[in-house]
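Novice: Have a look at this one before I ask anything.
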Amino acid sequence: MAKAKYLAVGNWKMYVDSAMRAKDLAGKVTRAASRLRRTQVIVCPPHAFLGTLAPSLKRGSVLLGAQDVSIETEAARTGETSVDMLKSLGVSHVIIGHSERRALGETNEVAAHKALRALKAGFVPIICIGERERDMQGHYLAFLETQIKESLAGVPKAKAAHLIIAYEPLWAIGKSADAAVTPESLHEMTLFIKKHLVHLYGRSAGTSVKVLYGGSVEASNAKALIDGGTVDGVLVGHASTDAAEFSDIIRSIDGR
Ligand code: PGA
């Protein structure tokens, strides 16, 4: 695909529990994605299956992403995966600062270091932000503003075009479509996020950052969220591990 208009990222989290299931799912997604004209699909399996899936994905149009990366390149870090390891498998995108990792203690500062590390290694970081809840006073907006600034600390303007921000409000994650943000509200949030990206990087670089939405995206709401919410695509969690549902999502985004 020359230049995709939309992005559909599948974050498999820890939902897929065997290499056999991972291969089966990747095969079905690859077949569905082969007919798309303007949507780039990226799947982010658990690290344990990256090596298994890499060779077959290389032959199709689906890109391989990782769900996290170590802040270190080479160190005594039991259980971690470095940028070089991911690079050797052909990974192109890395999710950073997902709320489920932030819940384990990952801070904005760590997310920023990981983002820089990923960019330097040539990956596209998908940096997740999102408020736990919304309050009438609008404190959540200040929270998001801080998350944007601190999670991008030190990331230079020259790299803006290689950045993806995924807006994933925690209250909308892991539920069903009716719990997702509305397209109208998402549109406001997209404008808010873009405004702060423009503050950081200036108009041209700031607007080149891609913005995704994540949180209970299903086939029934994906297209409306992208169109009404004016985002560049979606980050899909549980629905991305259901081959039929995810195929419907990517087809609907693509307008097919
Ligand atoms: P969900 O997860 O689609 O299951 O809500 C999205 C995410 O956490 O990335």
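In the structure tokens, each chain is lettered A, B, ... as it comes, each chain's residues begin at 1, and ligands are numbered from 1 in order of appearance.
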Given a cut-off of 7 Å, what residues near ligand 1 show up using only C-alpha atoms and all ligand atoms, put as JSON, numbers by chain?
Specialist: {"A": [11, 168, 172, 173, 174, 175, 214, 215, 216, 217, 235, 236, 237, 238, 239]}
Novice: Residues of stretch 43-206 of chain A classed as strand (DSSP E or B) by DSSP on the backbone are to be reported as a ChimeraX atom specification.
Specialist: /A:43-44,63-66,93-96,124-129,164-167
Novice: So that I can see what lies close to A:Thr30, please list as a VMD selection string the residues with an atom at most 9 Å from it, counting only C-alpha atoms and leaving out residues fewer than 6 positions away in the same chain.
Specialist: chain A and resid 41 57 60 to 62
Novice: When distances are computed from only C-alpha atoms, which of A:Ser34, A:Asn108, A:Ser220, A:Thr52 shows the smallest separation from A:Ser18?
Specialist: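 Using only C-alpha atoms, the shortest distance to A:Ser18 belongs to A:Thr52.
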Novice: Excluding stretch 206-213 of chain A and any residue of its chain fewer than 2 positions from it, enumerate the residues within 6 Å of it, using only C-alpha atoms, and give them as a list in words.
Specialist: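 These residues fall inside the cut-off: Ala160, Ala161, Leu163, Ile164, Ile165, Ala166, Tyr167, Glu168, Leu197, Val198, Tyr201, Gly202, Arg203, Ser204, Val231, Asp232, Gly233, Val234 and Leu235 of chain A.
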Novice: Which residues, written as a PyMOL selection string, have at least one atom at most 6 Å from A:Pro125, with only C-alpha atoms counted and residues fewer than 6 positions away on the same chain left out?
Specialist: chain A and resi 93-95+115+163
Novice: Selected residues, C-alpha atoms, written as a PDB file, in the first residue's frame, please.
Specialist:
ATOM      1  CA  HIS A  93       5.750  -0.309  15.583  1.00  0.00           C
ATOM      2  CA  VAL A  94       5.934  -0.362  19.377  1.00  0.00           C
ATOM      3  CA  ILE A  95       3.122   0.413  21.801  1.00  0.00           C
ATOM      4  CA  ALA A 115       9.685   6.546  22.863  1.00  0.00           C
ATOM      5  CA  LEU A 163       4.904   9.534  16.069  1.00  0.00           C
TER       6      LEU A 163
END
Novice: With a distance cut-off of 9 Å and only C-alpha atoms, select the neighbouring residues of A:Glu145, excluding the residue or stretch itself and same-chain residues fewer than 4 positions from it, and output the selection as a VMD selection string.
Specialist: chain A and resid 140 to 141 149 to 150 192 to 193 196
Novice: List every residue of stretch 96-183 of chain A that DSSP, applied to the backbone, labels as alpha helix (DSSP H), and write the result as a VMD selection string.
Specialist: chain A and resid 99 to 102 108 to 120 139 to 151 183
Novice: Between A:Gly90, A:Gly228, A:Pro156, A:Pro169, which one has atoms that come closest to A:Ala205, using only C-alpha atoms?
Specialist: A:Pro156
Novice: Given the choices A:Leu53, A:Ala48, A:Cys128, A:Leu63, which gets closest to A:Ser92 if the distance is worked out from only C-alpha atoms?
Specialist: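 When distances to A:Ser92 are compared using only C-alpha atoms, the smallest one comes from A:Leu63.
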